[in-house]
Each structure stands twice: as C-alpha cells, then as structure tokens.
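S.K.: Quick one: structure below, then a few questions.
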Amino acid sequence: MCGIVGYVGPKQAVNVLIEGLKRLEYRGYDSSGLCVCTEGKLNVAKTPGRISNLEERIAGNKSIIAGTIGIAHTRWATHGAPTEENAHPHTSTDGKIALVHNGIIENYSTLKQYLEGKGYAFASQTDTEVLVHLISEFYGDGAGNLEQAVQMALAEVSGTYGLAVICSDEPDKIVVARRGSPLILGVGNGEYVVASDASAILEHTANVIYLNDNEMAVVSREGVRTLTIDNVPITKEVKQIEWSLEQIAKGGYEHFMLKEIMEQPESARQAITGRLDMREMRVVLGGLASVGREMAKIRRIVLTSCGTAWHAGLVGEFLFEDLAKVPTEVEYASEFRYRNPIIDEGTAVVVISQSGETADTLAAVREAKEKGAFTLGIVNVVGSTIARETDAGVYLHAGPEIGVASTKAFTSQILVEILMAMALGRRRYMSQQTMERYIRELDAIPDKIKTVLKQSDHIRDIAKQFIDRENWLFLGRGYHYPIALEGALKLKEISYIHAEGLPAAEMKHGPIALINDGMPAVFVAPRCGTYDKIIGNIEEIRARKGKTIVVATEGDHEIEKFTDHVIYVPDAPVPLQPLLTVVPLQLLAYHAAVLRGCNVDKPRNLAKSVTVE
Ligand code: G6P
C-alpha cells in the first residue's frame, strides 16, 4: 500500500520524485525517502512524517539536487514503525545498491537469518531490507549485472513485491520488478518515470507499459527492456492512460468509499498473507510471537473499541468463545474507562481501532494497563499511538482507509480476530482437523467477497426502491446481529436515513410497533443455526406490510417465497459468514447515499479519526 516512483532522463530527478511522492501520498504517508545517483555515488535522504518533511531535509543538498536518476518511496508501514531507519530506500552495506519496495516478503525472517550468518548487519526492522542485502550478496558473487542480481534474489523470495533498484556501479539504469504489487513504466520523450501508480506518471506522459506479475524491466537512458523474472525477454505494448489524476487516486471509482468496498478482496488477502502456514497448517502471527507466555495465561477477554470497530468487537465475542472457548465480553471504549472494570490475572484487553488514535479507545488502553491488564491491539495504522501503547498486537495491513465510513478495515478486523481466535483455540480445544478446515475456508474468502461485489448493480436497484423511506430496520441473530448493527450504522452515517439494528427476536419486544406499510427491513439470514427462527421474524414484518430485503446463502431459493428482495452471498462456515454478509450492506448504504445526493466520503458532522473524548 506504499508508493514508489523512479526517474531517469535529462531533468533533475529530485523534482520529479518529490512531485510523484506527493501524488502518491494518498496511498500511505507515514514516512518517505529518496535516493539520487550523482557522479557514481548514491545519495539517500529519508524522514518520518509527510513528504514536506522530506523536502525540508533535502533543501540545499547539492548532490541530491544535481542527479538525473533516482528512486523514491512513501511508506505505509507494515513491518516496523514509521521511523527514519525503516523508511525506504534501503541500502546495501557498501552503499552501492538502493532499493524501494511495496508488498510483504513473507520469508524475510529465514532470509535474515541466512544473511546474518554471512555477516550482514541490519539497520531496520523492515522485511524489505533483506532484499537489498540479498541483491548485494549476489551482485558481489556471480551476477554479471544488476538485473541478474535482482533475478537471483527474487528467486529466493516468497511474498509480494513491486520494487525499484539502482546501483552506483551501473549509474544509468533502474531495475524494476513486480509480483502482486503494481508497477507501471511511463515512457516519455527521452525520459522514463516508473511508479506504483499512474498518478505519479501522468504529469510527464500518458504512454505507459503495465508490468504483470513476475515481470521486470531494465529502464535506462536508452530505453526500456522488459523480461520475466526468469530472464525470458518479452515485448510489452505501450498503452495510453485515459484517466484524470483525480480518477486515478480513487482507482477509477466515483468515491473512496466505493473504492475501499471494492478493494476488500485485496485487503482481506493482505490480512491473511503470511499468516496462514499452508504447509504446516497453522496460524502464524508474528506480532504475538513475543508474548507467547501471556497468551497462554488468557482466561478471559475484554474487547473494547468504538463505532464500526465496536461492531467488529461484537463479532469477536462470538469468535473467541466459539473458536477458542475463552469467555469474552465487549465494551464500548468510552464506557469501559469509566466503569472501574474488573481486570484480574488472565484477563486480556483487546482493543480494535482502524486509526489507532481514537481518544476513547486509547483511554481504555491506558485504563486497562493501569489495572495491570495484558493488552493487545488490532490496529491498521502502524506505529499509531494505540499500536505503540499495547503490549503486542496484529496489524490489519488494509492500507489507508480514506472514506470516513469504515468498510475494508471492518472486514480485516474480523479476519484478524478469526486468526487470533484460531491461534488461541489451537492451544486449547481446537482439533488440527478443524484448524485445517478453517485455514482452507479463510484462504477462499477473498474470492468469495469478489462474488458478492459483482452484485453491486442489483443492490443499487434495491436501494432505489426505498430511497424515500426515512426509517429502516436491520435484523440478524447470532453472528449476524452485529452485522445488522453495522448495516444500520453505515446507512445512517452516509445517507442520513434513520436506521436501527437489532437482534431479530428483540423486534417483537417494542420496535415492531414501528412497522408500517412499505417500511424496509433488512435481514441478515444466511444458512446457520437460527435460520428457521429468522424466517418467522421475516413473516412478522410482512404480516404488517413491511418490505423485506434478505441477505441469504447462494442456492437458498426457498427464501424467495418469504421475501420481497434477496441478495445472495456464497456459503461459508458460520464464523466466517460476517465477512461476506456485511459487504452487501456496505453497498446498500453506499448506493442509497449516492442516490440521495449525499457526500459519501465526508458525511456531515463525522470525522475519520475522533481524537477527542
Ligand atoms: C469514527 C469513525 C468510524 C470509526 C470510529 C472508530 O467514529 O467515523 O468509522 O469506526 O471512529 O475509529 P477507529 O479508528 O478507532 O477504528
């Protein structure tokens, strides 16, 4: 989720690099850096914070300003906090090779061990640094040139990458490669701009070459040579970018929120990448490796958070009890801190936060620590205050979420809870057979989310029919009750329609009085233990002339007899179903808001990160 830009041509590279980084800043912005090659020497500058900090750092640095070839990076941290050492470019020990990288090197600890054994010293906590040392190792030992050294290094790597490398011994070329993280080559007039995203290229040229996975390129002043990472030359077509800069930032979508909803197959994959060991069939959570002893002592879990993250906590209550058999409670962070919570030995307080900065959630962490609790974070923003103040944690790796209404962070929060519950469960009651089943099912989730997303137009048609209604109900039971709450919250937040989420059976104890002719009620009712019961609840609404929209399991045609509208989602084990059933509700809220002409990305009165009590 970070940004890469590189330049070779007649201009001063630094200007192109800085402009490019600014264009990419929307993708990640916790630290940045660049490397320019001048008179056969690499000059590196890096800083935490925004690109403007980097500009200040390099102001007046003549060797950086003079160079006409360079690479740069804006980081959204995954491994290691957003510090100067962890910012890219990373350089080889002899200072001859510099590299920027997007993606995750999954086998970095094995590679690191190997390299340390050979005497390499590491200057950062990143997974990326192994790559530059590995390339340097091969460069000094057998490789004829930089591209060959890169190929040899990539042959050792598992994981994802988009990368750009330069070397002071071959000062006129940038070597780039791609697997899983985008890389685009801009072909200008005697100059070339490489970037992870077309927005950094468009100012210079609209002619681009899109690299596919397992392809690389050698970009020099003479031109571009494309090949596979196995060294087979390939011919690539030069294409025209047709998007405007604004469209590119939104990935071609009308709003960030829609982009983020649509990104969920990718963000879900990122949440599980490197954490499902498909060979040994176990869950590996690097962020919890240092607290194994404390994890073993957990007898009770208190989940605490705000807003959408609180709904993720409610799903977590089911997950930790079902999969790990640990008694679990959920508490609004704002309530937790003021109620003198009971924390005893064996209580783990797990806090969930996209931003890692929410004031109430942070206060809950401090309260819990004060009382001696073992605290764990489920956080998206690496190096955020909550991530730093908790004892340990697991990052979401969902990438920046810009739309105020949280979507992709929610599915990633649930995924991380599932992984944590599985890891805890395996230590206790979960059989290896069950473990293996969940691992396979989790691996299939990103593709299943893709199937749900294909129904966006159908969901918009449903939203259209109810667009003038000012009151909606969202109902679900068990795991689907928190999803009903989340569906209602999404609709309220961005469309300003009043919506209430309820456990379906509670409806008869009051809210049923609200039902009138044509009132929409959304049911989250995939095939699960309470399916028959929820059919009864659907009938109660219809008997009172309410209209029903049901999120059901693919193939459940029976449900069509009972409801006005159906949205199908693929089948999955019940604990994994929320990952699928929430997606149509996000789309329903999105389309309703757009149809009502609301500002979807910046709803009135709301803030993305609420840093006040
Ligand atoms: C705000 C946002 C919500 C978010 C909540 C918690 O209210 O508008 O979308 O769920 O804060 O934020 P966090 O960053 O802690 O997940």
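Convention: chains lettered A, B, ... in structure tokens order; per-chain residue numbering from 1; ligands numbered from 1 as shown.
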Using 8 Å as the limit and counting only C-alpha atoms, can you tabulate each residue of region 385-413 of chain A that touches region 306-327 of chain A, with its shortest atom-to-atom distance in Å and the two atoms involved, as a tab-separated table?
M.R.:
```
residue	atom	partner	partner_atom	distance
A:Ser406	CA	A:Thr308	CA	6.6
A:Phe410	CA	A:Ala312	CA	6.3
A:Gln413	CA	A:Ala312	CA	6.3
```
S.K.: Output C-alpha atoms for every residue in that selection, as a PDB file, in the first residue's frame.
M.R.:
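selection-v9.pdb, written as the output of this step:
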```pdb
ATOM      1  CA  SER A 406     -15.149   2.376   7.673  1.00  0.00           C
ATOM      2  CA  PHE A 410     -14.052  -3.776   9.345  1.00  0.00           C
ATOM      3  CA  GLN A 413     -10.645  -6.525  11.854  1.00  0.00           C
TER       4      GLN A 413
END
```
S.K.: I need the residues of region 292-538 of chain A that end up classed as alpha helix (DSSP H) by DSSP on the backbone, written out as a ChimeraX atom specification.
M.R.: /A:292-297,307-324,333-336,359-370,385-389,408-427,432-453,456-465,480-495,531-538
S.K.: Please give the complete set of residues from region 383-575 of chain A that DSSP, run on the backbone, assigns to strand (DSSP E or B), formatted as number ranges by chain.
M.R.: A: 392-395, 471-476, 498-503, 520-524, 547-553, 565-569
S.K.: Could I get the residues of chain A with an atom no further than 8 Å from an atom of ligand 1, each paired with its nearest atom pair and that distance in Å to one decimal, using only C-alpha atoms and all ligand atoms, sorted by chain and residue number, as a tab-separated table?
M.R.:
```
residue	atom	partner	partner_atom_place_in_ligand_line	distance
A:Ser305	CA	ligand 1	15 (O)	6.4
A:Cys306	CA	ligand 1	6 (C)	4.7
A:Gly307	CA	ligand 1	10 (O)	4.0
A:Thr308	CA	ligand 1	10 (O)	3.7
A:Ala309	CA	ligand 1	16 (O)	4.9
A:Trp310	CA	ligand 1	10 (O)	7.3
A:Ile352	CA	ligand 1	16 (O)	6.4
A:Ser353	CA	ligand 1	16 (O)	3.5
A:Gln354	CA	ligand 1	16 (O)	3.6
A:Ser355	CA	ligand 1	14 (O)	3.5
A:Gly356	CA	ligand 1	14 (O)	5.6
A:Glu357	CA	ligand 1	14 (O)	6.3
A:Thr358	CA	ligand 1	15 (O)	4.6
A:Thr361	CA	ligand 1	15 (O)	6.4
A:Val379	CA	ligand 1	16 (O)	7.7
A:Val404	CA	ligand 1	8 (O)	5.4
A:Ala405	CA	ligand 1	9 (O)	4.5
A:Ser406	CA	ligand 1	9 (O)	4.4
A:Ala409	CA	ligand 1	16 (O)	7.8
A:Leu606	CA	ligand 1	8 (O)	5.7
A:Ala607	CA	ligand 1	8 (O)	5.2
A:Lys608	CA	ligand 1	8 (O)	4.6
A:Ser609	CA	ligand 1	11 (O)	5.4
A:Val610	CA	ligand 1	1 (C)	5.5
```
S.K.: Would you please work out which residue, of A:Ala217, A:Thr126, A:Leu211, A:Ile65, is nearest to Gln148 (chain A) when using only C-alpha atoms?
M.R.: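 Checking each candidate against Gln148 (chain A), we get A:Ala217 as the closest.
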S.K.: Do you know which residues are at most 12 Å from Asp468 (chain A) counting only C-alpha atoms, after dropping those on the same chain fewer than 2 positions away, and could you put them as a list in words?
M.R.: Ala463, Lys464, Gln465, Phe466, Glu470, Asn471, Trp472, Ser495, Tyr496, Ile497, His498, Gly518, Met519, Pro520, Ala592, Ala593, Leu595 and Arg596 of chain A
S.K.: Might you pull out every residue within 12 Å of Glu156 (chain A), with only C-alpha atoms counted and same-chain residues fewer than 2 positions away left off, and present them as JSON, numbers by chain?
M.R.: {"A": [105, 106, 107, 108, 110, 111, 112, 114, 130, 131, 134, 135, 138, 149, 150, 151, 152, 153, 154, 158, 159, 229]}
S.K.: Using N, CA, C and O atoms, can you write the selected residues to a file as a PDB file, in the first residue's frame?
M.R.:
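Written file, out25.pdb:
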```pdb
ATOM      1  N   ILE A 105       7.574  -9.347   2.180  1.00  0.00           N
ATOM      2  CA  ILE A 105       8.452 -10.511   1.963  1.00  0.00           C
ATOM      3  C   ILE A 105       8.121 -11.502   3.077  1.00  0.00           C
ATOM      4  O   ILE A 105       8.462 -11.293   4.245  1.00  0.00           O
ATOM      5  N   GLU A 106       7.424 -12.565   2.696  1.00  0.00           N
ATOM      6  CA  GLU A 106       6.910 -13.476   3.728  1.00  0.00           C
ATOM      7  C   GLU A 106       8.007 -14.275   4.415  1.00  0.00           C
ATOM      8  O   GLU A 106       7.900 -14.584   5.591  1.00  0.00           O
ATOM      9  N   ASN A 107       9.026 -14.651   3.673  1.00  0.00           N
ATOM     10  CA  ASN A 107      10.071 -15.479   4.290  1.00  0.00           C
ATOM     11  C   ASN A 107      11.256 -14.629   4.759  1.00  0.00           C
ATOM     12  O   ASN A 107      12.390 -15.072   4.754  1.00  0.00           O
ATOM     13  N   TYR A 108      10.955 -13.375   5.169  1.00  0.00           N
ATOM     14  CA  TYR A 108      12.072 -12.485   5.473  1.00  0.00           C
ATOM     15  C   TYR A 108      12.868 -12.945   6.690  1.00  0.00           C
ATOM     16  O   TYR A 108      14.071 -12.764   6.741  1.00  0.00           O
ATOM     17  N   THR A 110      13.590 -15.998   7.633  1.00  0.00           N
ATOM     18  CA  THR A 110      14.545 -17.049   7.226  1.00  0.00           C
ATOM     19  C   THR A 110      15.705 -16.417   6.457  1.00  0.00           C
ATOM     20  O   THR A 110      16.883 -16.727   6.690  1.00  0.00           O
ATOM     21  N   LEU A 111      15.356 -15.506   5.536  1.00  0.00           N
ATOM     22  CA  LEU A 111      16.409 -14.867   4.737  1.00  0.00           C
ATOM     23  C   LEU A 111      17.331 -14.028   5.627  1.00  0.00           C
ATOM     24  O   LEU A 111      18.542 -13.995   5.440  1.00  0.00           O
ATOM     25  N   LYS A 112      16.710 -13.373   6.622  1.00  0.00           N
ATOM     26  CA  LYS A 112      17.503 -12.531   7.519  1.00  0.00           C
ATOM     27  C   LYS A 112      18.523 -13.377   8.290  1.00  0.00           C
ATOM     28  O   LYS A 112      19.707 -13.013   8.378  1.00  0.00           O
ATOM     29  N   TYR A 114      19.792 -16.179   7.367  1.00  0.00           N
ATOM     30  CA  TYR A 114      20.828 -16.594   6.427  1.00  0.00           C
ATOM     31  C   TYR A 114      21.850 -15.472   6.219  1.00  0.00           C
ATOM     32  O   TYR A 114      23.068 -15.686   6.288  1.00  0.00           O
ATOM     33  N   VAL A 130      16.013  -7.224   3.803  1.00  0.00           N
ATOM     34  CA  VAL A 130      16.662  -8.479   3.377  1.00  0.00           C
ATOM     35  C   VAL A 130      16.900  -8.473   1.874  1.00  0.00           C
ATOM     36  O   VAL A 130      17.898  -9.018   1.396  1.00  0.00           O
ATOM     37  N   LEU A 131      15.969  -7.841   1.147  1.00  0.00           N
ATOM     38  CA  LEU A 131      16.074  -7.852  -0.320  1.00  0.00           C
ATOM     39  C   LEU A 131      17.342  -7.159  -0.787  1.00  0.00           C
ATOM     40  O   LEU A 131      18.046  -7.656  -1.662  1.00  0.00           O
ATOM     41  N   LEU A 134      20.356  -9.186  -0.040  1.00  0.00           N
ATOM     42  CA  LEU A 134      20.388 -10.375  -0.890  1.00  0.00           C
ATOM     43  C   LEU A 134      20.882 -10.011  -2.301  1.00  0.00           C
ATOM     44  O   LEU A 134      21.725 -10.696  -2.883  1.00  0.00           O
ATOM     45  N   ILE A 135      20.365  -8.906  -2.816  1.00  0.00           N
ATOM     46  CA  ILE A 135      20.796  -8.460  -4.157  1.00  0.00           C
ATOM     47  C   ILE A 135      22.296  -8.148  -4.130  1.00  0.00           C
ATOM     48  O   ILE A 135      23.055  -8.550  -5.014  1.00  0.00           O
ATOM     49  N   PHE A 138      24.380 -11.315  -4.164  1.00  0.00           N
ATOM     50  CA  PHE A 138      24.505 -11.933  -5.484  1.00  0.00           C
ATOM     51  C   PHE A 138      25.314 -11.042  -6.444  1.00  0.00           C
ATOM     52  O   PHE A 138      25.989 -11.529  -7.324  1.00  0.00           O
ATOM     53  N   ALA A 149      21.424  -9.893 -10.636  1.00  0.00           N
ATOM     54  CA  ALA A 149      21.451  -9.998  -9.161  1.00  0.00           C
ATOM     55  C   ALA A 149      20.027  -9.912  -8.610  1.00  0.00           C
ATOM     56  O   ALA A 149      19.666 -10.635  -7.683  1.00  0.00           O
ATOM     57  N   VAL A 150      19.204  -9.031  -9.211  1.00  0.00           N
ATOM     58  CA  VAL A 150      17.817  -8.900  -8.758  1.00  0.00           C
ATOM     59  C   VAL A 150      17.082 -10.206  -9.020  1.00  0.00           C
ATOM     60  O   VAL A 150      16.363 -10.728  -8.159  1.00  0.00           O
ATOM     61  N   GLN A 151      17.279 -10.775 -10.209  1.00  0.00           N
ATOM     62  CA  GLN A 151      16.616 -12.046 -10.538  1.00  0.00           C
ATOM     63  C   GLN A 151      17.009 -13.138  -9.553  1.00  0.00           C
ATOM     64  O   GLN A 151      16.168 -13.898  -9.070  1.00  0.00           O
ATOM     65  N   MET A 152      18.298 -13.210  -9.254  1.00  0.00           N
ATOM     66  CA  MET A 152      18.772 -14.261  -8.340  1.00  0.00           C
ATOM     67  C   MET A 152      18.155 -14.080  -6.956  1.00  0.00           C
ATOM     68  O   MET A 152      17.761 -15.041  -6.298  1.00  0.00           O
ATOM     69  N   ALA A 153      18.037 -12.815  -6.531  1.00  0.00           N
ATOM     70  CA  ALA A 153      17.451 -12.548  -5.205  1.00  0.00           C
ATOM     71  C   ALA A 153      15.969 -12.901  -5.205  1.00  0.00           C
ATOM     72  O   ALA A 153      15.471 -13.541  -4.265  1.00  0.00           O
ATOM     73  N   LEU A 154      15.269 -12.515  -6.265  1.00  0.00           N
ATOM     74  CA  LEU A 154      13.825 -12.760  -6.297  1.00  0.00           C
ATOM     75  C   LEU A 154      13.505 -14.249  -6.321  1.00  0.00           C
ATOM     76  O   LEU A 154      12.453 -14.681  -5.849  1.00  0.00           O
ATOM     77  N   SER A 158       9.680 -15.411  -1.135  1.00  0.00           N
ATOM     78  CA  SER A 158       8.248 -15.639  -1.309  1.00  0.00           C
ATOM     79  C   SER A 158       7.519 -14.445  -0.720  1.00  0.00           C
ATOM     80  O   SER A 158       7.977 -13.819   0.233  1.00  0.00           O
ATOM     81  N   GLY A 159       6.404 -14.107  -1.327  1.00  0.00           N
ATOM     82  CA  GLY A 159       5.670 -12.931  -0.888  1.00  0.00           C
ATOM     83  C   GLY A 159       5.335 -12.049  -2.074  1.00  0.00           C
ATOM     84  O   GLY A 159       5.312 -12.512  -3.214  1.00  0.00           O
ATOM     85  N   ILE A 229      10.971 -12.452 -14.660  1.00  0.00           N
ATOM     86  CA  ILE A 229      11.974 -12.544 -13.595  1.00  0.00           C
ATOM     87  C   ILE A 229      12.848 -13.790 -13.762  1.00  0.00           C
ATOM     88  O   ILE A 229      13.864 -13.943 -13.107  1.00  0.00           O
TER      89      ILE A 229
END
```
S.K.: Counting only C-alpha atoms, what is within 12 Å of Lys561 (chain A), bar same-chain residues fewer than 5 positions away, as a PDB file with C-alpha atoms, in the first residue's frame?
M.R.:
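Below you can see out_33.pdb, which holds the result:
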```pdb
ATOM      1  CA  ILE A 535     -37.905 -16.887   8.745  1.00  0.00           C
ATOM      2  CA  ILE A 538     -39.412 -12.088   8.367  1.00  0.00           C
ATOM      3  CA  GLU A 539     -43.047 -13.204   8.315  1.00  0.00           C
ATOM      4  CA  ARG A 542     -44.524  -8.925   6.124  1.00  0.00           C
ATOM      5  CA  THR A 548     -38.083  -7.205   3.376  1.00  0.00           C
ATOM      6  CA  VAL A 550     -32.794 -10.637   2.845  1.00  0.00           C
ATOM      7  CA  ASP A 556     -31.327 -20.897  -0.915  1.00  0.00           C
ATOM      8  CA  VAL A 566     -32.840 -11.292  -1.917  1.00  0.00           C
TER       9      VAL A 566
END
```
S.K.: Which residues are near Leu21 (chain A)? Cut-off 9 Å, only C-alpha atoms, ignore same chain within fewer than 4 positions. Put them as a list in words.
M.R.: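 Skipping anything fewer than 4 positions along the chain leaves Gly3, Ile4, Val5, Val16, Leu17, Glu25, Ser32, Ile51, Ala72, His73, Thr74 and Ala200 of chain A.
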